[in-house]
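Here's run-v4.cif, which has mmCIF, C-alpha atoms:
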data_work
loop_
_atom_site.label_atom_id
_atom_site.label_comp_id
_atom_site.auth_asym_id
_atom_site.auth_seq_id
_atom_site.Cartn_x
_atom_site.Cartn_y
_atom_site.Cartn_z
CA MET J 1 117.06 83.99 83.62
CA LYS J 2 119.37 85.82 86.03
CA ILE J 3 119.21 89.60 85.91
CA SER J 4 121.30 91.68 88.30
CA VAL J 5 119.67 94.90 89.43
CA LYS J 6 120.11 97.53 92.07
CA THR J 7 117.35 99.65 93.60
CA GLU J 8 118.26 103.31 93.97
CA LYS J 9 116.39 106.43 94.98
CA TYR J 10 115.98 108.43 91.79
CA ASP J 11 117.87 111.71 91.61
CA LYS J 12 119.33 114.14 89.05
CA THR J 13 122.48 112.04 88.63
CA LEU J 14 120.37 109.14 87.28
CA MET J 15 118.09 111.13 84.96
CA PHE J 16 120.29 110.47 81.91
CA LEU J 17 119.34 106.78 82.19
CA SER J 18 115.67 107.61 81.55
CA LYS J 19 116.23 108.82 77.96
CA ASP J 20 115.82 105.29 76.56
CA PHE J 21 113.13 104.14 78.99
CA SER J 22 110.03 102.82 77.26
CA SER J 23 107.27 100.95 79.06
CA GLY J 24 104.79 101.14 76.20
CA ASN J 25 102.77 103.70 78.16
CA GLY J 26 103.68 107.24 77.09
CA PHE J 27 102.39 108.78 80.29
CA LEU J 28 104.56 106.55 82.50
CA ASP J 29 107.56 107.10 80.21
CA GLN J 30 107.14 110.88 80.35
CA PHE J 31 106.94 110.86 84.15
CA ILE J 32 110.34 109.21 84.67
CA LYS J 33 111.92 111.61 82.16
CA SER J 34 110.45 114.70 83.83
CA GLU J 35 111.40 116.76 86.88
CA ASP J 36 108.14 115.49 88.47
CA ALA J 37 109.89 112.18 89.18
CA LEU J 38 112.27 114.14 91.42
CA ASN J 39 109.56 116.19 93.14
CA GLU J 40 109.27 114.77 96.64
CA SER J 41 106.00 116.58 97.28
CA LEU J 42 104.50 114.22 94.64
CA GLY J 43 106.17 111.10 96.02
CA LYS J 44 109.53 109.36 96.09
CA THR J 45 110.75 107.58 92.99
CA PHE J 46 112.89 104.44 93.12
CA VAL J 47 114.51 102.90 90.05
CA TRP J 48 115.81 99.47 89.21
CA ILE J 49 119.11 99.86 87.38
CA ASP J 50 121.03 97.13 85.58
CA ASP J 51 124.38 96.14 87.08
CA LYS J 52 126.30 97.99 84.34
CA ARG J 53 124.33 101.19 85.11
CA THR J 54 123.36 101.64 81.47
CA HIS J 55 119.56 101.78 81.72
CA ILE J 56 116.50 101.71 83.94
CA ILE J 57 114.76 98.34 84.05
CA GLY J 58 111.76 99.66 85.96
CA TYR J 59 110.62 102.19 88.51
CA TYR J 60 107.98 103.01 91.07
CA ASN J 61 106.88 106.19 92.80
CA ILE J 62 105.21 106.09 96.20
CA GLY J 63 103.29 108.63 98.23
CA VAL J 64 100.70 108.62 100.98
CA GLY J 65 96.93 108.78 101.20
CA TYR J 66 94.04 107.25 103.06
CA ILE J 67 90.87 105.29 102.49
CA ASP J 68 87.45 106.75 103.32
CA MET J 69 84.27 104.85 103.97
CA ILE J 70 81.19 106.54 102.58
CA SER J 71 77.94 105.96 104.45
CA GLY J 72 75.00 108.03 103.26
CA ASN J 73 76.18 111.64 103.20
CA GLU J 74 79.01 110.96 105.65
CA LYS J 75 82.63 110.17 104.84
CA TYR J 76 84.86 108.51 107.45
CA LYS J 77 88.61 108.02 107.28
CA ILE J 78 89.22 104.32 108.03
CA GLY J 79 92.97 104.15 107.60
CA GLY J 80 96.09 105.70 106.16
CA SER J 81 97.79 104.24 103.12
CA ILE J 82 100.91 104.12 101.09
CA HIS J 83 99.82 104.91 97.54
CA LEU J 84 101.59 103.53 94.49
CA ASN J 85 101.55 106.59 92.22
CA PHE J 86 103.49 105.08 89.31
CA PHE J 87 104.84 101.62 88.47
CA ALA J 88 106.50 100.82 85.14
CA LEU J 89 108.72 98.16 83.64
CA ASN J 90 110.89 98.74 80.58
CA GLU J 91 109.08 96.89 77.79
CA ARG J 92 112.18 94.95 76.76
CA TYR J 93 111.86 93.14 80.13
CA ARG J 94 108.14 92.46 79.88
CA GLY J 95 107.23 88.78 80.28
CA ILE J 96 110.72 87.63 81.27
CA ILE J 97 110.54 84.66 83.64
CA VAL J 98 113.07 84.84 86.48
CA GLY J 99 111.96 81.92 88.63
CA GLU J 100 109.21 79.59 89.69
CA THR J 101 107.06 79.34 92.80
CA GLN J 102 106.91 76.15 94.86
CA ASP J 103 103.59 75.32 93.21
CA GLY J 104 105.05 75.68 89.70
CA ASN J 105 103.81 79.14 88.74
CA SER J 106 106.16 81.43 86.84
CA ILE J 107 107.73 84.43 88.55
CA LYS J 108 108.13 87.33 86.15
CA ILE J 109 110.56 90.20 86.49
CA SER J 110 107.54 92.47 87.09
CA ASP J 111 106.76 90.35 90.18
CA ARG J 112 110.30 90.92 91.45
CA LEU J 113 110.04 94.68 90.90
CA PHE J 114 106.69 94.65 92.68
CA ALA J 115 108.22 92.64 95.56
CA ASP J 116 110.91 95.33 95.79
CA PHE J 117 108.16 97.95 96.08
CA MET J 118 106.38 95.93 98.79
CA SER J 119 109.62 95.50 100.76
CA LYS J 120 109.98 99.30 100.67
CA VAL J 121 106.37 99.58 101.94
CA TYR J 122 107.08 97.32 104.91
CA GLU J 123 110.37 99.10 105.64
CA ILE J 124 108.51 102.43 105.76
CA ARG J 125 105.86 100.94 108.03
CA ASP J 126 108.40 99.32 110.37
CA ARG J 127 110.64 102.37 110.65
CA TYR J 128 108.73 105.57 109.93
CA LEU J 129 105.00 105.66 109.38
CA GLY J 130 101.85 103.90 110.48
CA PHE J 131 99.22 102.94 107.90
CA ALA J 132 96.68 100.21 107.30
CA PHE J 133 96.55 99.93 103.49
CA VAL J 134 98.45 100.03 100.25
CA THR J 135 96.40 101.64 97.47
CA LEU J 136 96.85 101.99 93.74
CA ALA J 137 94.92 102.71 90.57
CA ALA J 138 95.55 99.81 88.16
CA THR J 139 95.79 100.18 84.42
CA GLU J 140 94.37 97.33 82.36
CA GLU J 141 97.93 96.12 81.70
CA GLY J 142 98.90 96.10 85.40
CA TYR J 143 95.70 94.63 86.84
CA SER J 144 96.78 90.96 86.73
CA LEU J 145 100.11 91.78 88.43
CA TYR J 146 98.29 93.36 91.37
CA LYS J 147 95.73 90.54 91.59
CA ARG J 148 98.60 88.01 91.65
CA ASN J 149 100.00 89.97 94.57
CA PHE J 150 96.80 89.81 96.65
CA PHE J 151 95.32 93.24 95.91
CA ASP J 152 91.54 93.50 95.84
CA ASP J 153 89.23 95.81 93.95
CA LEU J 154 88.14 98.67 96.18
CA ASP J 155 84.64 98.05 97.60
CA GLU J 156 81.89 100.41 96.43
CA ASP J 157 81.55 102.00 99.88
CA LEU J 158 85.29 102.73 100.08
CA HIS J 159 87.09 105.57 98.34
CA PHE J 160 90.48 107.20 97.92
CA SER J 161 91.35 110.39 96.10
CA PHE J 162 92.39 110.04 92.47
CA LYS J 163 94.93 112.10 90.59
CA ASP J 164 93.85 113.22 87.10
CA ASP J 165 96.08 110.61 85.46
CA GLU J 166 94.43 107.77 87.43
CA LYS J 167 90.92 108.35 86.06
CA GLY J 168 89.82 105.34 84.07
CA CYS J 169 92.01 103.05 86.18
CA LYS J 170 90.73 100.40 88.58
CA PRO J 171 91.09 101.38 92.29
CA MET J 172 92.63 98.56 94.32
CA TYR J 173 93.91 98.04 97.83
CA LEU J 174 95.74 95.66 100.11
CA ALA J 175 95.07 95.55 103.85
CA VAL J 176 98.61 95.39 105.27
CA ASP J 177 97.73 93.32 108.34
CA SER J 178 95.70 90.66 106.56
#
Using structure tokens, write down the structure that the file contains.
Amino acid sequence: MKISVKTEKYDKTLMFLSKDFSSGNGFLDQFIKSEDALNESLGKTFVWIDDKRTHIIGYYNIGVGYIDMISGNEKYKIGGSIHLNFFALNERYRGIIVGETQDGNSIKISDRLFADFMSKVYEIRDRYLGFAFVTLAATEEGYSLYKRNFFDDLDEDLHFSFKDDEKGCKPMYLAVDS
């Protein structure tokens, strides 16, 4: 299936498009509809908009952090990270196949949105900011997407700071240079 989308930095002029956004997760839906999605001290929000500019297909919000290694009573910073604060796909696009890999696996629209996020990560790294990791706290629904995209569960001796809304989620990371 061919779906035309455009990635845009989220701002007040696009907020009207969020009124019908529904990912199936009330917390993620509320975020994109709130002023918090525009608050750059929380992160930058990017949206995928359909070519007719009638609705948001998906969005992500990115910020920064770092990973600590805990050894005994000591905590050591081992590298900076880009942190995926929020990632959501409009539920009417869930499961849509948009292509196939060379080895015959399906490519879902969520994979394309995630690839858009990762291209933004590498653009930030190439142009603006040094970091070693990409971190996120995976919901049960998102876990397989991140595993498909080479993220690993965070080792027991590693740690990153959680926001209140990430408690109960699975901490994951990707080493950018591996």
Handout entry: region 28-44 of chain J environment, 6 Å, all atoms listed in the file, sequence neighbours closer than 3 positions dropped, as a PyMOL selection string
Key = chain J and resi 18+22+25+61-63
Handout entry: Two-atom distance - CA of Trp48 (chain J), CA of Lys6 (chain J) (Å)
Key =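 Computing it gives 5.5 Å between the two atoms.
The smallest atom-to-atom distance between Lys108 (chain J) and any of J:Asn149, J:Val134, J:Tyr66, J:Arg127, using all atoms listed in the file, is found for J:Asn149.
Note that CA of Glu123 (chain J) and CA of Ile49 (chain J) are 20.3 Å apart.
Note that CA of Ala137 (chain J) and CA of Lys170 (chain J) are 5.2 Å apart.
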Exercise for the section: For the file shown, report as a ChimeraX atom specification the outcome of the PyMOL selection byres ((chain J and resi 20) around 12) at residue level. Expected result: /J:15-19,21-24,29-30,32-33,54-58,90-92
Practice task
Counting only C-alpha atoms, note down every residue that has an atom within 12 Å of the point (96.8, 107.7, 96.0) (file coordinates), as a VMD selection string.
Solution key: chain J and resid 42 to 43 61 to 68 80 to 86 133 to 138 159 to 167 169 171 to 173
Problem - For Gly79 (chain J), the nearest of the candidates J:Val5, J:Tyr146, J:Val47, J:Phe131, counting only C-alpha atoms - result: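 Smallest separation from Gly79 (chain J) among the options: J:Phe131.
Of the residues listed (J:Asn73, J:Val176, J:Asp153, J:Arg112), J:Arg112 shows the shortest atom-to-atom separation from Ile97 (chain J); distances use all atoms listed in the file.
Distance check against Tyr10 (chain J) using all atoms listed in the file: of J:Tyr60, J:Gly26, J:Gly95, J:Val121, the minimum falls on J:Tyr60.
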